[in-house]
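So this one's structure_26.csv, CSV, C-alpha atoms and all ligand atoms:
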chain,number,residue,atom,x,y,z
A,92,MET,CA,47.2,90.1,89.1
A,93,THR,CA,48.5,93.4,90.3
A,94,LEU,CA,48.2,96.3,87.8
A,95,LEU,CA,50.4,99.3,88.5
A,96,PRO,CA,49.5,101.9,85.9
A,97,GLY,CA,52.3,104.2,87.1
A,98,ASP,CA,52.4,107.8,86.0
A,99,GLY,CA,53.3,109.9,82.9
A,100,ILE,CA,52.1,107.8,79.9
A,101,GLY,CA,51.7,104.8,82.2
A,102,PRO,CA,47.9,105.0,82.8
A,103,GLU,CA,47.4,105.5,79.0
A,104,VAL,CA,49.3,102.5,77.9
A,105,ALA,CA,48.1,100.4,80.8
A,106,GLU,CA,44.4,101.0,79.9
A,107,ALA,CA,45.2,100.2,76.3
A,108,THR,CA,46.9,97.0,77.4
A,109,VAL,CA,44.1,95.9,79.7
A,110,ARG,CA,41.7,96.3,76.7
A,111,ALA,CA,44.0,94.2,74.5
A,112,VAL,CA,44.4,91.4,77.2
A,113,GLU,CA,40.7,91.3,77.8
A,114,ALA,CA,40.1,90.9,74.0
A,115,THR,CA,42.1,87.7,74.1
A,116,GLY,CA,39.3,86.2,76.2
A,117,VAL,CA,41.5,85.2,79.1
A,118,ALA,CA,39.9,86.0,82.4
A,119,ILE,CA,42.1,88.1,84.6
A,120,ARG,CA,41.2,89.8,87.8
A,121,TRP,CA,43.2,93.0,87.9
A,122,GLU,CA,44.0,94.5,91.3
A,123,ARG,CA,44.8,98.1,90.5
A,124,VAL,CA,47.3,99.8,92.8
A,125,GLU,CA,48.4,103.4,92.4
A,126,LEU,CA,52.1,104.0,92.2
A,127,THR,CA,53.1,107.6,91.4
A,128,GLY,CA,55.5,110.2,92.7
A,129,ARG,CA,52.7,111.7,94.9
A,130,ILE,CA,52.0,108.4,96.6
A,131,ILE,CA,55.7,107.7,97.2
A,132,GLU,CA,56.2,111.1,98.8
A,133,GLN,CA,53.1,110.6,100.9
A,134,CYS,CA,54.0,107.2,102.3
A,135,GLY,CA,57.6,108.2,103.0
A,136,GLU,CA,59.0,104.8,102.0
A,137,ASP,CA,61.0,103.5,99.0
A,138,VAL,CA,58.0,101.4,97.9
A,139,PRO,CA,54.5,102.1,99.1
A,140,PRO,CA,53.4,99.2,101.4
A,141,ALA,CA,50.2,98.6,99.4
A,142,VAL,CA,52.3,97.8,96.3
A,143,LEU,CA,54.5,95.3,98.1
A,144,GLU,CA,51.4,93.8,99.9
A,145,SER,CA,49.6,93.2,96.6
A,146,LEU,CA,52.6,91.9,94.6
A,147,SER,CA,53.7,89.6,97.4
A,148,ARG,CA,50.2,88.1,97.4
A,149,THR,CA,49.5,87.9,93.6
A,150,ARG,CA,53.1,87.2,92.7
A,151,VAL,CA,52.5,88.7,89.2
A,152,GLY,CA,52.4,92.3,88.2
A,153,LEU,CA,52.0,94.4,85.1
A,154,LYS,CA,53.6,97.7,85.6
A,155,GLY,CA,53.6,101.1,83.8
A,156,PRO,CA,56.5,103.5,84.2
A,157,VAL,CA,57.0,105.7,87.2
A,158,THR,CA,58.8,109.1,87.0
A,159,THR,CA,61.9,109.5,89.1
A,160,PRO,CA,63.2,113.0,90.0
A,161,VAL,CA,66.7,113.7,88.5
A,162,ALA,CA,69.7,114.6,90.7
A,163,GLY,CA,67.7,114.7,94.0
A,164,GLY,CA,64.3,113.7,95.4
A,165,PHE,CA,63.2,110.2,96.3
A,166,GLN,CA,65.1,107.1,95.2
A,167,SER,CA,63.9,105.3,92.1
A,168,VAL,CA,60.8,103.2,93.1
A,169,ASN,CA,61.5,101.1,90.0
A,170,VAL,CA,64.9,100.1,91.3
A,171,ALA,CA,63.6,99.7,94.9
A,172,LEU,CA,60.8,97.4,93.8
A,173,ARG,CA,63.2,95.1,92.0
A,174,LYS,CA,65.4,94.9,95.0
A,175,LYS,CA,62.6,94.5,97.6
A,176,LEU,CA,61.0,91.7,95.6
A,177,ASP,CA,64.3,90.2,94.6
A,178,LEU,CA,63.4,90.4,90.9
A,179,PHE,CA,67.0,89.6,89.9
A,180,ALA,CA,66.7,89.1,86.2
A,181,ASN,CA,65.5,91.8,83.8
A,182,VAL,CA,64.7,90.2,80.5
A,183,ARG,CA,64.2,92.2,77.3
A,184,PRO,CA,63.5,90.6,74.0
A,185,VAL,CA,64.4,92.9,71.1
A,186,ARG,CA,62.9,92.1,67.8
A,187,ARG,CA,61.9,93.9,64.7
A,188,LEU,CA,58.1,93.9,64.2
A,189,PRO,CA,57.0,92.8,60.7
A,190,GLY,CA,56.5,95.8,58.4
A,191,LEU,CA,57.9,98.4,60.7
A,192,ARG,CA,60.2,100.6,58.8
A,193,THR,CA,63.4,101.3,60.6
A,194,ARG,CA,67.0,102.1,59.6
A,195,PHE,CA,67.7,98.3,59.8
A,196,ALA,CA,64.7,97.3,57.6
A,197,ASP,CA,66.7,94.5,55.8
A,198,THR,CA,68.4,93.2,58.9
A,199,ARG,CA,67.2,90.3,61.0
A,200,ILE,CA,67.3,91.5,64.6
A,201,ASP,CA,66.2,89.0,67.2
A,202,LEU,CA,68.2,89.3,70.5
A,203,VAL,CA,67.4,89.1,74.2
A,204,ILE,CA,69.0,91.2,76.9
A,205,PHE,CA,69.5,89.7,80.3
A,206,ARG,CA,70.4,92.4,82.8
A,207,GLU,CA,71.3,91.8,86.4
A,208,ASN,CA,68.7,93.7,88.3
A,209,THR,CA,69.6,94.1,91.9
A,210,GLU,CA,73.1,95.5,92.4
A,211,ASP,CA,76.0,97.3,90.5
A,212,LEU,CA,75.8,101.1,90.7
A,213,TYR,CA,72.0,100.8,91.3
A,214,ALA,CA,72.8,99.8,94.9
A,215,GLY,CA,72.3,103.5,95.3
A,216,LEU,CA,75.2,103.8,97.8
A,217,GLU,CA,76.5,107.3,97.3
A,218,HIS,CA,78.5,109.4,99.7
A,219,GLU,CA,79.9,112.9,99.6
A,220,VAL,CA,83.3,112.3,101.1
A,221,VAL,CA,84.2,116.0,101.4
A,222,LYS,CA,82.5,118.9,99.6
A,223,ASP,CA,82.4,118.4,95.8
A,224,VAL,CA,83.9,114.9,96.0
A,225,VAL,CA,81.4,112.1,95.7
A,226,THR,CA,81.8,108.3,95.6
A,227,SER,CA,79.1,106.0,94.1
A,228,LEU,CA,79.7,102.4,95.1
A,229,LYS,CA,79.5,99.8,92.4
A,230,VAL,CA,78.6,96.5,94.1
A,231,ILE,CA,79.2,93.2,92.3
A,232,THR,CA,78.8,89.9,94.2
A,233,ARG,CA,79.4,86.3,93.2
A,234,ALA,CA,75.9,85.4,94.4
A,235,ALA,CA,74.1,87.8,92.1
A,236,SER,CA,76.5,87.4,89.2
A,237,GLU,CA,76.2,83.6,89.2
A,238,ARG,CA,72.5,83.8,89.6
A,239,ILE,CA,71.9,86.0,86.5
A,240,ALA,CA,74.4,83.9,84.5
A,241,ARG,CA,72.7,80.7,85.4
A,242,TYR,CA,69.3,82.1,84.7
A,243,THR,CA,70.5,83.4,81.3
A,244,PHE,CA,72.0,80.2,80.2
A,245,GLU,CA,69.0,78.2,81.4
A,246,GLN,CA,66.6,80.4,79.5
A,247,ALA,CA,68.9,80.4,76.4
A,248,ARG,CA,68.9,76.6,76.5
A,249,ARG,CA,65.1,76.4,76.9
A,250,SER,CA,64.4,78.7,74.0
A,251,GLY,CA,67.0,77.1,71.7
A,252,ARG,CA,69.3,80.1,71.5
A,253,LYS,CA,72.8,79.5,70.2
A,254,LYS,CA,75.1,82.2,71.6
A,255,VAL,CA,75.5,84.2,74.8
A,256,THR,CA,77.7,87.3,74.8
A,257,ALA,CA,78.8,88.7,78.2
A,258,VAL,CA,79.3,92.4,78.2
A,259,HIS,CA,81.7,94.0,80.6
A,260,LYS,CA,84.4,96.6,81.3
A,261,ALA,CA,86.8,94.3,83.2
A,262,ASN,CA,89.8,95.8,81.5
A,263,ILE,CA,89.2,98.9,83.8
A,264,MET,CA,87.1,97.5,86.6
A,265,LYS,CA,89.3,94.5,87.0
A,266,LEU,CA,87.8,93.4,90.3
A,267,GLY,CA,84.1,94.2,90.0
A,268,ASP,CA,83.5,93.4,86.4
A,269,GLY,CA,86.3,90.8,86.6
A,270,LEU,CA,84.2,88.9,89.2
A,271,PHE,CA,81.1,89.2,87.0
A,272,LEU,CA,83.0,87.8,84.0
A,273,ARG,CA,84.5,84.9,86.0
A,274,CYS,CA,81.0,83.9,87.1
A,275,CYS,CA,79.8,84.0,83.5
A,276,ARG,CA,82.7,81.8,82.4
A,277,GLU,CA,82.1,79.3,85.1
A,278,VAL,CA,78.5,79.0,84.3
A,279,ALA,CA,79.1,78.9,80.5
A,280,ALA,CA,81.3,75.9,81.0
A,281,HIS,CA,78.2,73.9,82.0
A,282,TYR,CA,76.5,74.7,78.7
A,283,PRO,CA,78.8,73.4,76.0
A,284,GLU,CA,76.1,73.5,73.4
A,285,ILE,CA,75.8,77.2,73.7
A,286,GLN,CA,78.5,79.4,72.2
A,287,TYR,CA,79.9,81.9,74.7
A,288,ASN,CA,81.9,85.0,74.0
A,289,GLU,CA,82.7,88.3,75.7
A,290,LEU,CA,82.7,91.9,74.6
A,291,ILE,CA,83.9,95.1,76.3
A,292,VAL,CA,80.9,97.3,76.6
A,293,ASP,CA,82.0,100.2,74.4
A,294,ASN,CA,82.8,97.8,71.6
A,295,ALA,CA,79.6,96.0,72.2
A,296,ALA,CA,77.7,99.3,71.6
A,297,MET,CA,79.4,99.8,68.3
A,298,GLN,CA,79.0,96.2,67.1
A,299,LEU,CA,75.3,96.4,68.0
A,300,VAL,CA,74.8,99.3,65.6
A,301,LEU,CA,77.1,97.9,62.9
A,302,ARG,CA,76.0,94.2,63.0
A,303,PRO,CA,72.9,93.8,65.2
A,304,GLU,CA,72.1,90.5,63.4
A,305,SER,CA,75.2,88.9,64.9
A,306,PHE,CA,73.8,89.1,68.4
A,307,ASP,CA,71.7,86.4,70.1
A,308,VAL,CA,71.7,86.6,73.9
A,309,LEU,CA,73.4,89.5,75.8
A,310,LEU,CA,74.3,89.0,79.5
A,311,MET,CA,75.3,92.1,81.5
A,312,PRO,CA,75.5,93.8,84.9
A,313,ASN,CA,72.8,96.3,85.8
A,314,LEU,CA,74.1,99.6,84.3
A,315,TYR,CA,75.3,98.3,81.0
A,316,GLY,CA,72.1,96.4,80.7
A,317,ASP,CA,70.1,99.6,81.2
A,318,ILE,CA,72.0,101.6,78.6
A,319,VAL,CA,72.3,98.9,76.0
A,320,SER,CA,68.6,98.1,76.3
A,321,ASP,CA,67.7,101.6,75.1
A,322,LEU,CA,70.3,101.4,72.4
A,323,ALA,CA,68.9,98.0,71.2
A,324,ALA,CA,65.4,99.5,71.3
A,325,GLY,CA,66.6,102.1,68.9
A,326,LEU,CA,67.6,99.4,66.4
A,327,VAL,CA,64.0,98.1,66.1
A,328,GLY,CA,61.9,101.3,66.1
A,329,GLY,CA,62.4,102.7,69.5
A,330,LEU,CA,61.2,102.5,73.1
A,331,GLY,CA,57.6,102.3,72.0
A,332,VAL,CA,57.9,98.6,70.9
A,333,VAL,CA,60.3,96.8,73.3
A,334,PRO,CA,58.8,94.8,76.2
A,335,GLY,CA,60.4,93.4,79.3
A,336,ALA,CA,60.1,91.3,82.4
A,337,ASN,CA,61.6,91.5,85.9
A,338,MET,CA,61.9,87.9,87.1
A,339,GLY,CA,62.4,86.6,90.6
A,340,ASP,CA,62.0,83.2,92.2
A,341,ASP,CA,58.7,84.1,93.8
A,342,CYS,CA,57.4,87.0,91.8
A,343,ALA,CA,57.5,88.5,88.3
A,344,VAL,CA,56.7,92.1,87.2
A,345,PHE,CA,56.3,92.8,83.5
A,346,GLU,CA,57.0,96.2,82.2
A,347,ALA,CA,58.2,98.0,79.1
A,348,VAL,CA,61.8,99.2,78.7
A,349,HIS,CA,60.6,102.8,78.4
A,350,GLY,CA,60.0,105.4,81.1
A,351,SER,CA,57.1,107.8,81.7
A,352,ALA,CA,57.8,109.9,78.6
A,353,PRO,CA,56.8,113.2,80.1
A,354,ASP,CA,57.2,114.9,76.7
A,355,ILE,CA,54.1,113.1,75.3
A,356,ALA,CA,52.2,112.3,78.5
A,357,GLY,CA,48.5,113.2,78.4
A,358,LYS,CA,48.5,113.7,74.6
A,359,GLY,CA,46.9,110.4,73.7
A,360,ILE,CA,49.7,109.4,71.4
A,361,ALA,CA,51.8,107.1,73.5
A,362,ASN,CA,52.6,103.7,71.9
A,363,PRO,CA,51.2,100.9,74.0
A,364,THR,CA,52.9,98.2,72.0
A,365,ALA,CA,55.8,97.7,74.5
A,366,LEU,CA,53.4,97.2,77.4
A,367,MET,CA,51.1,95.0,75.3
A,368,LEU,CA,54.1,92.7,74.4
A,369,SER,CA,55.1,92.8,78.0
A,370,ALA,CA,51.6,91.5,78.8
A,371,ALA,CA,52.1,88.8,76.3
A,372,LEU,CA,55.2,87.7,78.2
A,373,MET,CA,53.1,87.8,81.3
A,374,LEU,CA,50.4,85.6,79.8
A,375,SER,CA,53.0,83.0,78.9
A,376,HIS,CA,54.4,83.2,82.4
A,377,LEU,CA,50.8,82.5,83.7
A,378,GLY,CA,50.6,79.4,81.5
A,379,GLU,CA,48.2,81.1,79.0
A,380,ALA,CA,50.4,80.4,76.0
A,381,GLN,CA,47.6,80.6,73.5
A,382,ALA,CA,46.3,84.0,74.7
A,383,ALA,CA,49.9,85.2,74.7
A,384,ALA,CA,50.4,84.1,71.1
A,385,ARG,CA,47.1,85.6,70.0
A,386,LEU,CA,48.0,89.0,71.5
A,387,GLN,CA,51.5,88.9,70.0
A,388,GLY,CA,50.0,87.9,66.7
A,389,ALA,CA,47.4,90.6,66.7
A,390,VAL,CA,50.0,93.3,67.4
A,391,GLU,CA,52.2,91.9,64.6
A,392,ARG,CA,49.3,91.9,62.2
A,393,VAL,CA,48.5,95.6,62.9
A,394,TYR,CA,52.2,96.4,62.2
A,395,ALA,CA,52.2,94.3,59.1
A,396,THR,CA,49.3,96.4,57.6
A,397,GLY,CA,51.3,99.6,58.4
A,398,ARG,CA,48.1,101.3,59.4
A,399,CYS,CA,46.9,102.7,62.7
A,400,LEU,CA,50.4,103.1,64.0
A,401,THR,CA,51.4,105.8,66.6
A,402,PRO,CA,53.7,108.8,65.7
A,403,ASP,CA,56.8,107.3,67.3
A,404,VAL,CA,56.8,104.5,64.7
A,405,GLY,CA,55.9,106.8,61.8
A,406,GLY,CA,52.1,106.7,61.9
A,407,THR,CA,49.5,109.3,62.8
A,408,ALA,CA,47.2,107.2,65.0
A,409,THR,CA,46.3,107.9,68.6
A,410,THR,CA,46.8,105.4,71.4
A,411,THR,CA,43.1,104.5,71.2
A,412,GLU,CA,43.1,104.1,67.4
A,413,PHE,CA,46.0,101.7,67.6
A,414,THR,CA,44.4,99.8,70.5
A,415,ASP,CA,41.1,99.5,68.5
A,416,ALA,CA,43.1,98.0,65.6
A,417,VAL,CA,44.7,95.4,68.0
A,418,VAL,CA,41.3,94.6,69.5
A,419,ASP,CA,39.8,94.2,66.0
A,420,ALA,CA,42.7,91.9,65.0
A,421,LEU,CA,41.9,89.8,68.1
A,422,SER,CA,38.2,89.4,67.3
A,501,LIG,P1,61.5,107.7,78.4
A,501,LIG,O1,61.7,106.2,78.1
A,501,LIG,O2,60.4,108.0,79.3
A,501,LIG,O3,61.4,108.5,77.1
A,501,LIG,C1,62.5,108.6,76.1
A,501,LIG,C2,61.9,109.0,74.8
A,501,LIG,O4,61.2,107.9,74.2
A,501,LIG,C3,60.9,110.2,74.9
A,501,LIG,O5,61.1,111.0,73.7
A,501,LIG,C4,59.6,109.5,74.8
A,501,LIG,O6,58.6,110.3,74.3
A,501,LIG,C5,59.8,108.3,73.9
A,501,LIG,N1,58.9,107.2,74.4
A,501,LIG,C6,59.1,106.4,75.4
A,501,LIG,N2,58.1,105.5,75.5
A,501,LIG,C7,57.3,105.8,74.5
A,501,LIG,C8,56.1,105.2,74.1
A,501,LIG,N3,55.5,104.2,74.7
A,501,LIG,N4,55.5,105.7,73.0
A,501,LIG,C9,56.0,106.7,72.3
A,501,LIG,N5,57.2,107.3,72.7
A,501,LIG,C10,57.8,106.8,73.8
A,501,LIG,O7,62.9,108.2,79.1
A,501,LIG,P2,63.2,109.5,79.9
A,501,LIG,O8,62.5,110.7,79.2
A,501,LIG,O9,64.7,109.5,79.9
A,501,LIG,O10,62.6,109.3,81.3
A,501,LIG,C11,61.4,109.9,81.8
A,501,LIG,C12,61.1,109.4,83.2
A,501,LIG,O11,60.9,108.0,83.2
A,501,LIG,C13,62.3,109.6,84.2
A,501,LIG,O12,61.7,110.1,85.4
A,501,LIG,C14,62.9,108.2,84.4
A,501,LIG,O13,63.4,108.1,85.7
A,501,LIG,C15,61.6,107.4,84.3
A,501,LIG,N6,61.9,106.0,83.9
A,501,LIG,C16,61.1,105.0,84.5
A,501,LIG,C17,61.3,103.7,84.1
A,501,LIG,C18,60.4,102.7,84.8
A,501,LIG,O14,59.4,103.0,85.4
A,501,LIG,N7,60.7,101.4,84.7
A,501,LIG,C19,62.2,103.3,83.1
A,501,LIG,C20,63.0,104.4,82.5
A,501,LIG,C21,62.8,105.7,82.9
A,502,MG,MG,66.3,102.2,81.4
Rewrite the structure of this file - the entire thing - as structure tokens.
Ligand code: NAI
Ligand code: MG
Amino acid sequence: MTLLPGDGIGPEVAEATVRAVEATGVAIRWERVELTGRIIEQCGEDVPPAVLESLSRTRVGLKGPVTTPVAGGFQSVNVALRKKLDLFANVRPVRRLPGLRTRFADTRIDLVIFRENTEDLYAGLEHEVVKDVVTSLKVITRAASERIARYTFEQARRSGRKKVTAVHKANIMKLGDGLFLRCCREVAAHYPEIQYNELIVDNAAMQLVLRPESFDVLLMPNLYGDIVSDLAAGLVGGLGVVPGANMGDDCAVFEAVHGSAPDIAGKGIANPTALMLSAALMLSHLGEAQAAARLQGAVERVYATGRCLTPDVGGTATTTEFTDAVVDALS
């Protein structure tokens, strides 16, 4: 198991998560590999070789966030890692935790976002044509679109989900998003038991806020998936509580939706819930279903008591106090 604590709040939530996973009793040998801005600049590559070497061997990683400089500096290592390891599906289950008070306290929110994870505008192909004129290439291929659509429907079938909504802007990007949509429709036709519909992304954003309970599975290209993930996190209490998984055929890297949260890094108040729930997804993936359920259950019990919660979800506890409560709930 590769553990990439990352930077910002990464090391804080990673340590908390390791404690919680160990409290489940499952024996995991963590291989800690540093992945920070400093390391990336030192190695001069998109992804430090030690990170790729470890993940190619262990095939499973738990990852904290890594800061990416804005408007300049090195390319996002998070995006580069997904591409290098071909982690084509980004899966983010968005659920309201029991007892957590949010604006949607009376609404049942239980949806899963499937985001294509390797192309779209994240291809990072930008070019200054002449001074002050820049083009950013949006790459959409049949291969990647079909693959994410197939993966989504297959997972939806396995988990007994009822409806898949493809999100797009094919009214404007008729070719690119049009191709994505065509692939979704073709795949959907093989799953008659699953209801399929489509929404233009701006309308999808509004419907999510107005009627989050009407969504089940969301299927989207990379950029919309990124944006809609944070929006959906906002429906259930924020980025502190939403886990995720980057899935490939040969490798899987589990990480929260959130970034390195520089505004609270080092203060000891980061919420480790999102990474703990990501670790629960990881345990399931490793065939440790019981440990996964115990970890998930322990986190839910702490939320249900409403005590020992971190400030982002309305409490006053530190990262350590919350983690102590989860560890207690496990023992
Ligand atoms: P962010 O997700 O780091 O933070 C957004 C807001 O949510 C902040 O107010 C932050 O304090 C809060 N927040 C996030 N996670 C939290 C947690 N666990 N507990 C409590 N509060 C939490 O997004 P931002 O500020 O836009 O990005 C910061 C850096 O993170 C950027 O350099 C960005 O590139 C990077 N990033 C990295 C990702 C990754 O490693 N996969 C994903 C997203 C962003
Ligand atoms: Mg994001």
Around (54.4, 107.0, 91.2), as given in the file, which residues come within 8 Å? Count only C-alpha atoms and list them as an MDAnalysis selection string.
chainID A and resid 97:98 125:131 157:158 168
Could you check which residues have any atom within 10 Å of (57.2, 85.9, 91.1), counting all atoms listed in the file with coordinates taken straight from the file, and then list them as a list of chain:residue names?
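Every polymer residue passing the test: A:Leu146, A:Ser147, A:Arg148, A:Thr149, A:Arg150, A:Val151, A:Gly152, A:Leu176, A:Asp177, A:Leu178, A:Asn337, A:Met338, A:Gly339, A:Asp340, A:Asp341, A:Cys342, A:Ala343, A:Val344, A:His376.
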Proximity to A:Pro156 - best of A:Ala180, A:Val292, A:Leu272, A:Ile100, only C-alpha atoms:
A:Ile100
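Between atom N5 of ligand LIG 501 (chain A) and atom CA of A:Val393 there is a distance of 17.6 Å.
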Please identify all protein, DNA and RNA residues within 8 Å of ligand MG 502 (chain A), counting only C-alpha atoms and all ligand atoms, and report them as a ChimeraX atom specification.
/A:317-318,320-321,348-350
For the residues in that selection, give me C-alpha atoms as an mmCIF file, keeping the file's coordinate frame.
data_model
loop_
_atom_site.group_PDB
_atom_site.id
_atom_site.type_symbol
_atom_site.label_atom_id
_atom_site.label_comp_id
_atom_site.auth_asym_id
_atom_site.auth_seq_id
_atom_site.Cartn_x
_atom_site.Cartn_y
_atom_site.Cartn_z
ATOM 1 C CA ASP A 317 70.100 99.600 81.200
ATOM 2 C CA ILE A 318 72.000 101.600 78.600
ATOM 3 C CA SER A 320 68.600 98.100 76.300
ATOM 4 C CA ASP A 321 67.700 101.600 75.100
ATOM 5 C CA VAL A 348 61.800 99.200 78.700
ATOM 6 C CA HIS A 349 60.600 102.800 78.400
ATOM 7 C CA GLY A 350 60.000 105.400 81.100
#
Taking only C-alpha atoms and all ligand atoms and a cut-off of 8 Å, can you tell me which residues surround ligand LIG 501 (chain A), written as a ChimeraX atom specification?
/A:97,99-100,104,154-161,167-170,329-332,346-356,360-366,401-404
Length of the atom CA of A:Pro139 to atom CA of A:Ala171 vector [Å]
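Atom CA of A:Ala171 lies 10.3 Å from atom CA of A:Pro139.
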Minimum-distance residue to A:Gly335, chosen among A:Met367, A:Arg276, A:Gly397, A:Asp415 (using only C-alpha atoms):
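Closest to A:Gly335, using only C-alpha atoms: A:Met367.
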Who sits within 6 Å of A:Gly359, all atoms listed in the file, same chain under 2 positions skipped, as a list in words:
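In the requested format, the answer is Gly357, Ala361, Thr409 and Thr410 of chain A.
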If we count all atoms listed in the file, what is near A:Ser250 at a cut-off of 12 Å, once residues fewer than 5 positions away on the same chain are taken out, given as number ranges by chain?
A: 184, 202-203, 243-245, 285, 307-308
For stretch 220-237 of chain A, where the input has fewer atoms than it should, I would like N, CA, C and O atoms rebuilt and written as a PDB file, in the coordinates of the input.
ATOM      1  N   VAL A 220      82.203 112.556 100.172  1.00  0.00           N
ATOM      2  CA  VAL A 220      83.300 112.300 101.100  1.00  0.00           C
ATOM      3  C   VAL A 220      83.736 113.662 101.729  1.00  0.00           C
ATOM      4  O   VAL A 220      83.822 113.781 102.950  1.00  0.00           O
ATOM      5  N   VAL A 221      84.014 114.664 100.900  1.00  0.00           N
ATOM      6  CA  VAL A 221      84.200 116.000 101.400  1.00  0.00           C
ATOM      7  C   VAL A 221      83.423 116.871 100.310  1.00  0.00           C
ATOM      8  O   VAL A 221      82.999 116.336  99.285  1.00  0.00           O
ATOM      9  N   LYS A 222      83.249 118.136 100.538  1.00  0.00           N
ATOM     10  CA  LYS A 222      82.500 118.900  99.600  1.00  0.00           C
ATOM     11  C   LYS A 222      83.034 118.780  98.176  1.00  0.00           C
ATOM     12  O   LYS A 222      84.237 118.861  97.961  1.00  0.00           O
ATOM     13  N   ASP A 223      82.124 118.512  97.239  1.00  0.00           N
ATOM     14  CA  ASP A 223      82.400 118.400  95.800  1.00  0.00           C
ATOM     15  C   ASP A 223      83.250 117.120  95.470  1.00  0.00           C
ATOM     16  O   ASP A 223      83.839 117.028  94.389  1.00  0.00           O
ATOM     17  N   VAL A 224      83.310 116.179  96.391  1.00  0.00           N
ATOM     18  CA  VAL A 224      83.900 114.900  96.000  1.00  0.00           C
ATOM     19  C   VAL A 224      82.897 113.794  96.458  1.00  0.00           C
ATOM     20  O   VAL A 224      82.577 113.643  97.635  1.00  0.00           O
ATOM     21  N   VAL A 225      82.398 113.054  95.451  1.00  0.00           N
ATOM     22  CA  VAL A 225      81.400 112.100  95.700  1.00  0.00           C
ATOM     23  C   VAL A 225      81.842 110.688  95.260  1.00  0.00           C
ATOM     24  O   VAL A 225      82.473 110.572  94.201  1.00  0.00           O
ATOM     25  N   THR A 226      81.575 109.670  96.053  1.00  0.00           N
ATOM     26  CA  THR A 226      81.800 108.300  95.600  1.00  0.00           C
ATOM     27  C   THR A 226      80.464 107.608  95.433  1.00  0.00           C
ATOM     28  O   THR A 226      79.570 107.786  96.251  1.00  0.00           O
ATOM     29  N   SER A 227      80.327 106.831  94.360  1.00  0.00           N
ATOM     30  CA  SER A 227      79.100 106.000  94.100  1.00  0.00           C
ATOM     31  C   SER A 227      79.640 104.571  94.122  1.00  0.00           C
ATOM     32  O   SER A 227      80.485 104.224  93.297  1.00  0.00           O
ATOM     33  N   LEU A 228      79.134 103.753  95.031  1.00  0.00           N
ATOM     34  CA  LEU A 228      79.700 102.400  95.100  1.00  0.00           C
ATOM     35  C   LEU A 228      79.067 101.472  94.087  1.00  0.00           C
ATOM     36  O   LEU A 228      77.850 101.395  93.941  1.00  0.00           O
ATOM     37  N   LYS A 229      79.934 100.772  93.397  1.00  0.00           N
ATOM     38  CA  LYS A 229      79.500  99.800  92.400  1.00  0.00           C
ATOM     39  C   LYS A 229      79.643  98.409  93.132  1.00  0.00           C
ATOM     40  O   LYS A 229      80.748  97.990  93.460  1.00  0.00           O
ATOM     41  N   VAL A 230      78.530  97.758  93.388  1.00  0.00           N
ATOM     42  CA  VAL A 230      78.600  96.500  94.100  1.00  0.00           C
ATOM     43  C   VAL A 230      78.383  95.333  93.152  1.00  0.00           C
ATOM     44  O   VAL A 230      77.383  95.271  92.424  1.00  0.00           O
ATOM     45  N   ILE A 231      79.357  94.428  93.120  1.00  0.00           N
ATOM     46  CA  ILE A 231      79.200  93.200  92.300  1.00  0.00           C
ATOM     47  C   ILE A 231      79.494  92.025  93.231  1.00  0.00           C
ATOM     48  O   ILE A 231      80.535  91.985  93.893  1.00  0.00           O
ATOM     49  N   THR A 232      78.565  91.095  93.317  1.00  0.00           N
ATOM     50  CA  THR A 232      78.800  89.900  94.200  1.00  0.00           C
ATOM     51  C   THR A 232      78.752  88.648  93.337  1.00  0.00           C
ATOM     52  O   THR A 232      78.137  88.605  92.260  1.00  0.00           O
ATOM     53  N   ARG A 233      79.419  87.625  93.871  1.00  0.00           N
ATOM     54  CA  ARG A 233      79.400  86.300  93.200  1.00  0.00           C
ATOM     55  C   ARG A 233      77.965  85.791  93.168  1.00  0.00           C
ATOM     56  O   ARG A 233      77.510  85.262  92.153  1.00  0.00           O
ATOM     57  N   ALA A 234      77.254  85.941  94.294  1.00  0.00           N
ATOM     58  CA  ALA A 234      75.900  85.400  94.400  1.00  0.00           C
ATOM     59  C   ALA A 234      75.010  85.928  93.252  1.00  0.00           C
ATOM     60  O   ALA A 234      74.360  85.170  92.527  1.00  0.00           O
ATOM     61  N   ALA A 235      74.993  87.249  93.107  1.00  0.00           N
ATOM     62  CA  ALA A 235      74.100  87.800  92.100  1.00  0.00           C
ATOM     63  C   ALA A 235      74.602  87.579  90.684  1.00  0.00           C
ATOM     64  O   ALA A 235      73.803  87.373  89.768  1.00  0.00           O
ATOM     65  N   SER A 236      75.917  87.580  90.502  1.00  0.00           N
ATOM     66  CA  SER A 236      76.500  87.400  89.200  1.00  0.00           C
ATOM     67  C   SER A 236      76.215  85.943  88.681  1.00  0.00           C
ATOM     68  O   SER A 236      75.801  85.705  87.543  1.00  0.00           O
ATOM     69  N   GLU A 237      76.447  84.985  89.577  1.00  0.00           N
ATOM     70  CA  GLU A 237      76.200  83.600  89.200  1.00  0.00           C
ATOM     71  C   GLU A 237      74.715  83.360  88.927  1.00  0.00           C
ATOM     72  O   GLU A 237      74.347  82.643  88.004  1.00  0.00           O
TER      73      GLU A 237
END
